[in-house]
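A.B. asks: Hey, dropping model.pdb in here, PDB, C-alpha atoms:
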```pdb
ATOM      1  CA  MET A   1      54.662 114.974  69.098
ATOM      2  CA  LYS A   2      56.297 112.477  71.348
ATOM      3  CA  ALA A   3      59.899 111.670  72.016
ATOM      4  CA  ILE A   4      60.973 108.338  73.449
ATOM      5  CA  VAL A   5      64.320 108.443  75.232
ATOM      6  CA  THR A   6      65.830 105.048  75.979
ATOM      7  CA  VAL A   7      68.553 105.281  78.616
ATOM      8  CA  MET A   8      70.981 102.397  79.103
ATOM      9  CA  LEU A   9      74.136 101.939  81.118
ATOM     10  CA  LYS A  10      77.158 102.232  78.858
ATOM     11  CA  LYS A  11      78.899  99.119  77.641
ATOM     12  CA  GLY A  12      81.525  98.141  80.175
ATOM     13  CA  VAL A  13      79.592  99.571  83.123
ATOM     14  CA  LEU A  14      78.547  96.671  85.319
ATOM     15  CA  ASP A  15      74.759  96.499  85.683
ATOM     16  CA  PRO A  16      74.080  94.700  88.977
ATOM     17  CA  GLN A  17      70.305  94.885  88.483
ATOM     18  CA  GLY A  18      70.571  93.287  85.052
ATOM     19  CA  GLU A  19      72.788  90.570  86.530
ATOM     20  CA  ALA A  20      70.201  89.866  89.246
ATOM     21  CA  VAL A  21      67.446  89.608  86.622
ATOM     22  CA  LYS A  22      69.625  87.256  84.565
ATOM     23  CA  PHE A  23      70.105  84.918  87.515
ATOM     24  CA  ALA A  24      66.389  85.066  88.326
ATOM     25  CA  LEU A  25      65.504  84.094  84.751
ATOM     26  CA  ARG A  26      67.996  81.229  84.895
ATOM     27  CA  GLY A  27      66.402  80.205  88.193
ATOM     28  CA  LEU A  28      63.084  79.937  86.355
ATOM     29  CA  GLY A  29      64.705  77.479  83.966
ATOM     30  CA  PHE A  30      65.399  79.789  81.001
ATOM     31  CA  SER A  31      68.798  78.395  80.157
ATOM     32  CA  GLY A  32      69.581  80.510  77.103
ATOM     33  CA  VAL A  33      69.854  83.887  78.837
ATOM     34  CA  ASN A  34      73.420  85.037  78.265
ATOM     35  CA  GLY A  35      73.023  88.541  79.584
ATOM     36  CA  VAL A  36      70.498  91.118  80.796
ATOM     37  CA  ARG A  37      70.908  94.895  80.755
ATOM     38  CA  GLN A  38      68.296  97.011  82.479
ATOM     39  CA  GLY A  39      67.610 100.587  81.439
ATOM     40  CA  LYS A  40      64.733 103.009  81.430
ATOM     41  CA  VAL A  41      62.386 104.584  78.918
ATOM     42  CA  ILE A  42      61.325 108.209  79.276
ATOM     43  CA  GLU A  43      58.364 109.360  77.188
ATOM     44  CA  LEU A  44      58.180 113.089  76.525
ATOM     45  CA  ASP A  45      54.958 114.708  75.361
ATOM     46  CA  LEU A  46      56.184 117.748  73.436
ATOM     47  CA  ALA A  47      54.720 120.709  71.603
ATOM     48  CA  ASP A  48      54.556 119.950  67.891
ATOM     49  CA  GLY A  49      57.629 121.153  66.055
ATOM     50  CA  THR A  50      59.969 120.942  69.039
ATOM     51  CA  ASP A  51      63.527 120.857  67.775
ATOM     52  CA  THR A  52      65.238 117.504  68.356
ATOM     53  CA  ALA A  53      68.370 119.448  69.305
ATOM     54  CA  GLN A  54      66.381 120.700  72.268
ATOM     55  CA  VAL A  55      65.501 117.133  73.234
ATOM     56  CA  ASP A  56      69.181 116.224  73.042
ATOM     57  CA  GLU A  57      69.895 119.116  75.363
ATOM     58  CA  MET A  58      67.272 117.805  77.811
ATOM     59  CA  CYS A  59      69.029 114.444  77.732
ATOM     60  CA  ASN A  60      72.476 115.902  78.244
ATOM     61  CA  ARG A  61      71.507 118.318  81.001
ATOM     62  CA  LEU A  62      69.156 116.168  83.064
ATOM     63  CA  LEU A  63      67.736 112.926  81.730
ATOM     64  CA  VAL A  64      71.031 111.119  81.158
ATOM     65  CA  ASN A  65      74.222 110.961  83.229
ATOM     66  CA  ALA A  66      76.881 110.719  80.539
ATOM     67  CA  VAL A  67      79.406 109.318  83.009
ATOM     68  CA  ILE A  68      77.602 105.993  83.131
ATOM     69  CA  GLU A  69      74.705 106.151  80.672
ATOM     70  CA  SER A  70      74.044 106.484  76.965
ATOM     71  CA  TYR A  71      70.730 107.077  75.233
ATOM     72  CA  THR A  72      68.859 106.709  71.988
ATOM     73  CA  LEU A  73      66.145 109.087  70.871
ATOM     74  CA  GLU A  74      63.059 108.237  68.862
ATOM     75  CA  ILE A  75      60.650 110.944  67.684
ATOM     76  CA  LEU A  76      57.046 109.850  67.059
TER      77      LEU A  76
ATOM     78  CA  MET B   1      83.766 129.450 110.311
ATOM     79  CA  ARG B   2      80.346 130.113 108.826
ATOM     80  CA  ALA B   3      78.615 127.044 107.452
ATOM     81  CA  ALA B   4      75.300 126.372 105.739
ATOM     82  CA  VAL B   5      73.541 123.036 105.387
ATOM     83  CA  VAL B   6      71.283 122.757 102.334
ATOM     84  CA  VAL B   7      67.918 121.079 102.915
ATOM     85  CA  PHE B   8      66.053 119.432 100.051
ATOM     86  CA  PRO B   9      62.686 117.679 100.192
ATOM     87  CA  GLY B  10      63.796 114.232 101.346
ATOM     88  CA  SER B  11      67.002 115.273 103.139
ATOM     89  CA  ASN B  12      67.164 113.392 106.423
ATOM     90  CA  CYS B  13      70.685 113.890 107.786
ATOM     91  CA  ASP B  14      70.572 117.691 107.863
ATOM     92  CA  ARG B  15      69.957 117.981 111.611
ATOM     93  CA  ASP B  16      72.749 115.529 112.478
ATOM     94  CA  MET B  17      75.058 117.585 110.270
ATOM     95  CA  VAL B  18      74.055 120.844 111.973
ATOM     96  CA  VAL B  19      74.684 119.263 115.399
ATOM     97  CA  ALA B  20      78.111 117.949 114.345
ATOM     98  CA  LEU B  21      79.163 121.345 112.952
ATOM     99  CA  ARG B  22      77.886 123.267 115.993
ATOM    100  CA  LYS B  23      79.580 120.848 118.358
ATOM    101  CA  THR B  24      82.888 121.699 116.697
ATOM    102  CA  GLY B  25      82.257 125.435 116.922
ATOM    103  CA  ALA B  26      80.879 126.430 113.518
ATOM    104  CA  ASP B  27      78.239 129.129 113.073
ATOM    105  CA  VAL B  28      75.619 127.088 111.179
ATOM    106  CA  THR B  29      72.455 127.960 109.291
ATOM    107  CA  THR B  30      70.216 125.805 107.134
ATOM    108  CA  ILE B  31      69.124 126.806 103.637
ATOM    109  CA  TRP B  32      65.976 125.608 101.894
ATOM    110  CA  HIS B  33      66.611 124.354  98.366
ATOM    111  CA  LYS B  34      64.346 126.995  96.813
ATOM    112  CA  ASP B  35      66.531 129.780  98.143
ATOM    113  CA  VAL B  36      68.570 131.141  95.298
ATOM    114  CA  ASP B  37      71.452 132.769  97.137
ATOM    115  CA  LEU B  38      73.773 131.497  99.820
ATOM    116  CA  PRO B  39      74.327 133.664 102.915
ATOM    117  CA  ILE B  40      77.184 136.128 102.440
ATOM    118  CA  ASN B  41      80.639 135.485 103.911
ATOM    119  CA  LEU B  42      80.036 131.774 103.899
ATOM    120  CA  ASP B  43      83.004 129.432 104.279
ATOM    121  CA  LEU B  44      81.417 126.017 103.937
ATOM    122  CA  VAL B  45      78.341 124.551 102.268
ATOM    123  CA  VAL B  46      77.259 121.062 103.270
ATOM    124  CA  ILE B  47      74.899 118.901 101.249
ATOM    125  CA  PRO B  48      73.618 116.301 103.692
ATOM    126  CA  GLY B  49      72.412 112.750 103.285
ATOM    127  CA  GLY B  50      68.893 111.616 102.549
ATOM    128  CA  PHE B  51      66.781 110.972  99.493
ATOM    129  CA  SER B  52      66.451 114.362  97.832
ATOM    130  CA  PHE B  53      63.380 114.465  95.590
ATOM    131  CA  GLY B  54      62.799 110.792  96.316
ATOM    132  CA  ASP B  55      65.862 109.782  94.280
ATOM    133  CA  TYR B  56      63.658 110.196  91.204
ATOM    134  CA  LEU B  57      65.374 109.841  87.821
ATOM    135  CA  ARG B  58      68.792 109.212  89.458
ATOM    136  CA  CYS B  59      70.032 109.806  92.990
ATOM    137  CA  GLY B  60      70.813 113.500  93.344
ATOM    138  CA  ALA B  61      69.930 114.362  89.736
ATOM    139  CA  ILE B  62      66.943 116.605  90.441
ATOM    140  CA  ALA B  63      68.600 118.259  93.444
ATOM    141  CA  ALA B  64      71.652 119.077  91.329
ATOM    142  CA  GLN B  65      69.425 121.171  89.029
ATOM    143  CA  SER B  66      67.847 123.206  91.848
ATOM    144  CA  PRO B  67      68.586 126.961  92.016
ATOM    145  CA  ILE B  68      70.572 126.649  95.237
ATOM    146  CA  CYS B  69      72.917 124.145  93.607
ATOM    147  CA  ARG B  70      73.924 126.718  91.000
ATOM    148  CA  SER B  71      74.962 128.939  93.907
ATOM    149  CA  VAL B  72      76.825 126.022  95.500
ATOM    150  CA  VAL B  73      78.752 125.481  92.255
ATOM    151  CA  ASP B  74      79.574 129.211  92.133
ATOM    152  CA  HIS B  75      80.727 129.047  95.766
ATOM    153  CA  ALA B  76      83.018 126.114  94.916
ATOM    154  CA  ASN B  77      84.340 127.874  91.816
ATOM    155  CA  ARG B  78      85.248 130.870  94.004
ATOM    156  CA  GLY B  79      87.338 128.514  96.135
ATOM    157  CA  GLY B  80      84.760 127.914  98.871
ATOM    158  CA  TYR B  81      84.576 124.659 100.787
ATOM    159  CA  VAL B  82      81.866 122.126 100.026
ATOM    160  CA  LEU B  83      81.173 118.827 101.778
ATOM    161  CA  GLY B  84      78.678 116.346 100.389
ATOM    162  CA  VAL B  85      77.834 113.256 102.403
ATOM    163  CA  CYS B  86      75.955 110.231 101.042
ATOM    164  CA  ASN B  87      73.111 111.727  98.972
ATOM    165  CA  GLY B  88      75.183 114.915  99.111
ATOM    166  CA  PHE B  89      78.031 113.051  97.382
ATOM    167  CA  GLN B  90      75.575 111.877  94.719
ATOM    168  CA  VAL B  91      74.427 115.483  94.229
ATOM    169  CA  LEU B  92      78.047 116.665  93.907
ATOM    170  CA  THR B  93      78.786 114.111  91.178
ATOM    171  CA  GLU B  94      75.640 115.201  89.335
ATOM    172  CA  THR B  95      76.776 118.846  89.469
ATOM    173  CA  GLY B  96      80.220 117.829  88.205
ATOM    174  CA  LEU B  97      82.025 119.312  91.225
ATOM    175  CA  VAL B  98      83.605 115.915  91.807
ATOM    176  CA  PRO B  99      84.138 113.299  89.090
ATOM    177  CA  GLY B 100      82.379 109.961  88.709
ATOM    178  CA  ALA B 101      78.931 108.640  89.532
ATOM    179  CA  LEU B 102      77.298 106.558  92.266
ATOM    180  CA  MET B 103      75.555 103.424  91.082
ATOM    181  CA  ARG B 104      73.406 100.767  92.748
ATOM    182  CA  ASN B 105      75.418  98.724  95.295
ATOM    183  CA  SER B 106      76.889  95.665  93.593
ATOM    184  CA  GLY B 107      75.065  93.363  96.033
ATOM    185  CA  LEU B 108      71.804  95.271  95.367
ATOM    186  CA  SER B 109      71.062  95.567  99.102
ATOM    187  CA  PHE B 110      70.711  98.722 101.135
ATOM    188  CA  LEU B 111      73.734  98.719 103.461
ATOM    189  CA  CYS B 112      73.510 100.189 106.944
ATOM    190  CA  LYS B 113      76.509  99.409 109.133
ATOM    191  CA  THR B 114      79.740 100.804 110.470
ATOM    192  CA  VAL B 115      82.680 100.208 108.131
ATOM    193  CA  HIS B 116      86.440 100.654 108.291
ATOM    194  CA  LEU B 117      87.905 103.349 106.069
ATOM    195  CA  THR B 118      91.507 104.083 105.222
ATOM    196  CA  VAL B 119      92.483 107.754 105.092
ATOM    197  CA  GLU B 120      94.246 107.916 101.717
ATOM    198  CA  THR B 121      95.535 111.489 101.938
ATOM    199  CA  GLU B 122      95.934 114.043 104.676
ATOM    200  CA  ASP B 123      96.429 116.791 102.108
ATOM    201  CA  SER B 124      93.014 118.481 102.471
ATOM    202  CA  VAL B 125      91.253 120.392 105.221
ATOM    203  CA  PHE B 126      88.827 117.522 105.530
ATOM    204  CA  THR B 127      91.468 114.878 106.168
ATOM    205  CA  SER B 128      94.301 116.872 107.750
ATOM    206  CA  GLY B 129      93.171 115.772 111.211
ATOM    207  CA  TYR B 130      93.994 112.163 110.405
ATOM    208  CA  GLY B 131      97.340 110.606 109.641
ATOM    209  CA  GLN B 132      97.640 109.247 106.124
ATOM    210  CA  GLY B 133      96.942 105.521 106.203
ATOM    211  CA  THR B 134      94.966 105.750 109.437
ATOM    212  CA  GLU B 135      92.029 103.384 109.678
ATOM    213  CA  ILE B 136      88.827 104.925 111.005
ATOM    214  CA  ARG B 137      85.331 103.580 111.725
ATOM    215  CA  VAL B 138      82.408 105.456 110.176
ATOM    216  CA  PRO B 139      78.819 104.332 109.416
ATOM    217  CA  ILE B 140      77.430 103.901 105.915
ATOM    218  CA  ALA B 141      73.725 103.869 105.022
ATOM    219  CA  HIS B 142      73.077 103.719 101.296
ATOM    220  CA  HIS B 143      71.632 101.800  98.388
ATOM    221  CA  ASP B 144      73.576 103.594  95.666
ATOM    222  CA  GLY B 145      77.138 103.968  96.865
ATOM    223  CA  ASN B 146      78.942 101.995  94.203
ATOM    224  CA  TYR B 147      81.436 104.593  92.978
ATOM    225  CA  PHE B 148      82.128 104.488  89.266
ATOM    226  CA  ALA B 149      84.651 106.501  87.291
ATOM    227  CA  THR B 150      86.379 105.820  83.996
ATOM    228  CA  GLU B 151      89.873 104.318  84.023
ATOM    229  CA  SER B 152      91.372 107.664  83.042
ATOM    230  CA  GLU B 153      89.452 109.479  85.787
ATOM    231  CA  LEU B 154      90.577 106.884  88.323
ATOM    232  CA  ALA B 155      94.176 107.299  87.170
ATOM    233  CA  THR B 156      93.883 111.071  87.574
ATOM    234  CA  LEU B 157      92.405 110.684  91.071
ATOM    235  CA  ARG B 158      95.256 108.354  92.045
ATOM    236  CA  ASP B 159      97.994 110.493  90.466
ATOM    237  CA  GLU B 160      96.724 113.677  92.120
ATOM    238  CA  GLY B 161      96.117 112.002  95.467
ATOM    239  CA  ARG B 162      92.450 112.934  95.372
ATOM    240  CA  VAL B 163      91.043 109.755  96.874
ATOM    241  CA  ALA B 164      90.237 110.940 100.410
ATOM    242  CA  PHE B 165      88.945 107.691 101.876
ATOM    243  CA  SER B 166      88.764 104.093 100.709
ATOM    244  CA  TYR B 167      86.891 101.144 102.160
ATOM    245  CA  SER B 168      89.063  98.584 103.899
ATOM    246  CA  ASP B 169      86.557  95.900 102.909
ATOM    247  CA  ASN B 170      84.769  97.212  99.798
ATOM    248  CA  PRO B 171      81.069  96.744 100.708
ATOM    249  CA  ASN B 172      79.384  98.085  97.567
ATOM    250  CA  GLY B 173      81.591  97.336  94.565
ATOM    251  CA  SER B 174      83.138 100.799  94.278
ATOM    252  CA  SER B 175      85.948 101.279  91.768
ATOM    253  CA  ASP B 176      89.256 101.113  93.646
ATOM    254  CA  ALA B 177      87.130 100.738  96.844
ATOM    255  CA  ILE B 178      86.720 104.530  96.792
ATOM    256  CA  ALA B 179      84.567 105.954  99.606
ATOM    257  CA  GLY B 180      85.320 109.660  99.128
ATOM    258  CA  VAL B 181      86.961 111.915  96.538
ATOM    259  CA  LEU B 182      88.298 115.472  96.437
ATOM    260  CA  SER B 183      87.924 118.110  93.733
ATOM    261  CA  SER B 184      91.037 119.230  91.886
ATOM    262  CA  ASN B 185      91.452 122.236  94.236
ATOM    263  CA  ARG B 186      90.940 119.836  97.206
ATOM    264  CA  ARG B 187      88.222 122.052  98.702
ATOM    265  CA  VAL B 188      85.259 119.933  97.716
ATOM    266  CA  LEU B 189      84.841 116.506  99.301
ATOM    267  CA  GLY B 190      82.171 113.980  98.422
ATOM    268  CA  MET B 191      81.945 110.851 100.568
ATOM    269  CA  MET B 192      79.397 108.085 101.082
ATOM    270  CA  PRO B 193      80.107 107.317 104.776
ATOM    271  CA  HIS B 194      78.558 109.569 107.430
ATOM    272  CA  PRO B 195      81.164 111.324 109.618
ATOM    273  CA  GLU B 196      78.326 113.235 111.348
ATOM    274  CA  ARG B 197      77.138 109.874 112.681
ATOM    275  CA  ALA B 198      80.503 109.181 114.341
ATOM    276  CA  MET B 199      80.681 112.061 116.800
ATOM    277  CA  GLU B 200      79.907 110.525 120.222
ATOM    278  CA  SER B 201      80.995 107.332 121.907
ATOM    279  CA  GLU B 202      77.266 106.544 122.280
ATOM    280  CA  MET B 203      77.085 106.453 118.470
ATOM    281  CA  GLY B 204      79.662 103.677 118.369
ATOM    282  CA  SER B 205      82.522 105.794 117.010
ATOM    283  CA  THR B 206      84.013 109.238 117.488
ATOM    284  CA  ASP B 207      86.178 109.037 114.377
ATOM    285  CA  GLY B 208      84.154 111.716 112.572
ATOM    286  CA  GLN B 209      85.231 114.387 115.033
ATOM    287  CA  ALA B 210      88.685 114.905 113.504
ATOM    288  CA  LEU B 211      87.141 115.748 110.111
ATOM    289  CA  PHE B 212      84.878 118.439 111.561
ATOM    290  CA  ARG B 213      87.536 119.829 113.902
ATOM    291  CA  ALA B 214      90.017 120.297 111.052
ATOM    292  CA  LEU B 215      87.372 121.672 108.703
ATOM    293  CA  VAL B 216      85.833 124.147 111.149
ATOM    294  CA  GLY B 217      89.314 125.423 111.948
ATOM    295  CA  GLN B 218      89.385 126.909 108.425
ATOM    296  CA  THR B 219      88.064 130.462 108.055
ATOM    297  CA  ILE B 220      88.802 131.438 104.481
ATOM    298  CA  THR B 221      85.759 133.232 103.102
ATOM    299  CA  ALA B 222      84.878 132.628  99.473
TER     300      ALA B 222
END
```
As structure tokens, how would this structure be written, given the file I've shared?
C.D. replies:
Amino acid sequence: MKAIVTVMLKKGVLDPQGEAVKFALRGLGFSGVNGVRQGKVIELDLADGTDTAQVDEMCNRLLVNAVIESYTLEIL
Amino acid sequence: MRAAVVVFPGSNCDRDMVVALRKTGADVTTIWHKDVDLPINLDLVVIPGGFSFGDYLRCGAIAAQSPICRSVVDHANRGGYVLGVCNGFQVLTETGLVPGALMRNSGLSFLCKTVHLTVETEDSVFTSGYGQGTEIRVPIAHHDGNYFATESELATLRDEGRVAFSYSDNPNGSSDAIAGVLSSNRRVLGMMPHPERAMESEMGSTDGQALFRALVGQTITA
């Protein structure tokens, strides 16, 4: 089984990288870009039957810094 | 004063830190990150600057999970002194010993220059050698020094006088221009600027000396 963890900066936390990408897109002439948020995707290759609670624990203990980040979890 | 400097793969300010501590009279050893236990009768642990584990995942995140860091947390919980500089500050936030997180600089550039700091409190062993409100000159060298904490955490830091240093001219977008923060027992300091790089007039500033002199004067064993 696979787990896809999508980590994003929390709402309200300024994302300077996303802002830079937004301005670069505008510089290319894409006028409709109101905002860009940049995050990361972590793909976990797990033993079949791994408890999703364990994946949440992985997120909380290492993969995600809850001070500034939030995450969503998708099990495939 | 017995001090230990922790060395991770990617640490690059460990030798400067050892030199600064020795110059002020501390008995200093270095500890490899795979060591599990700290030396006995240790007063101070320093986590130096650098790029521990290549800054993979997040700055300091992997280092904070290393076995030695569990011992550093135990040392702090026993009332021992801990100093984290630059990457060391990032590691300390990841362990939870000091609040907040360090994000990418707001201008996105790596910053390497000497900056002016204001000493916000003299109520700690780290800052007792400076007068409150004193302006000092200390180098910074970081890409991720943009201090973030929630409004309530910032209010707590302000109310408890736990902001140790602030930038006079906020270079990286830090909340409240914070450059260094203290733990609630005031024995753990995390700071982005490098006091160990301000020890000789040849380095451009000697303003780091007062921090090490005051700190090394402490001999409480945790």
A.B. asks: Up to 8 Å from chain B, what residues of chain A turn up? Count all atoms listed in the file and give them as JSON, numbers by chain.
C.D. replies: {"A": [16, 17, 62, 63, 65, 67, 68]}
A.B. asks: Using all atoms listed in the file, which of B:Ser201, B:Gln90, B:Ser52, B:Ser71 sits nearest Asp37 in chain B?
C.D. replies: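 The answer is B:Ser71, which sits nearest to Asp37 in chain B.
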A.B. asks: Once the PyMOL selection byres ((chain B and resi 84) around 8) has been applied to the shown file, what residues remain in the selection, as a list in words?
C.D. replies: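 What the PyMOL selection byres ((chain B and resi 84) around 8) grabs from the file is Val46, Ile47, Pro48, Gly49, Val82, Leu83, Val85, Cys86, Asn87, Gly88, Phe89, Gln90, Val91, Leu92, Val188, Leu189, Gly190 and Met191 of chain B.
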A.B. asks: Here's the selection I'm unsure about, the PyMOL selection byres ((chain B and resi 21-36) around 8); applied to the file above, which residues does it give, as a PyMOL selection string?
C.D. replies: chain B and resi 1-9+17-20+37-38+66-69+71+209+212-213+216
A.B. asks: To one decimal place in Å, what is the distance between CA of Ala177 in chain B and CA of Asp144 in chain B?
C.D. replies: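 Separation of CA of Ala177 in chain B and CA of Asp144 in chain B: 13.9 Å.
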A.B. asks: So that I can check the surroundings of Arg37 in chain A, please list as a PyMOL selection string every protein, DNA and RNA residue that reaches within 10 Å of it, counting all atoms listed in the file and ignoring chain neighbours fewer than 2 positions away.
C.D. replies: chain A and resi 8-11+14-22+35+39
A.B. asks: Would you write out, as a ChimeraX atom specification, every residue that the PyMOL selection byres ((chain A and resi 43-53) around 6) captures in this file?
C.D. replies: /A:1-4,42,54-56
A.B. asks: Can you pull out the residues contacting Gly180 in chain B? Cut-off 8 Å, using all atoms listed in the file, and skip same-chain residues under 2 positions away; I want them as an NGL selection string.
C.D. replies: :B and (163-166 or 178 or 182 or 189-192)
A.B. asks: Considering only C-alpha atoms, can you say which of B:Gly60, B:Gly50, B:Pro139, B:Pro195 comes closest to Pro171 in chain B?
C.D. replies: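 Of the candidates, the smallest distance to Pro171 in chain B is held by B:Pro139.
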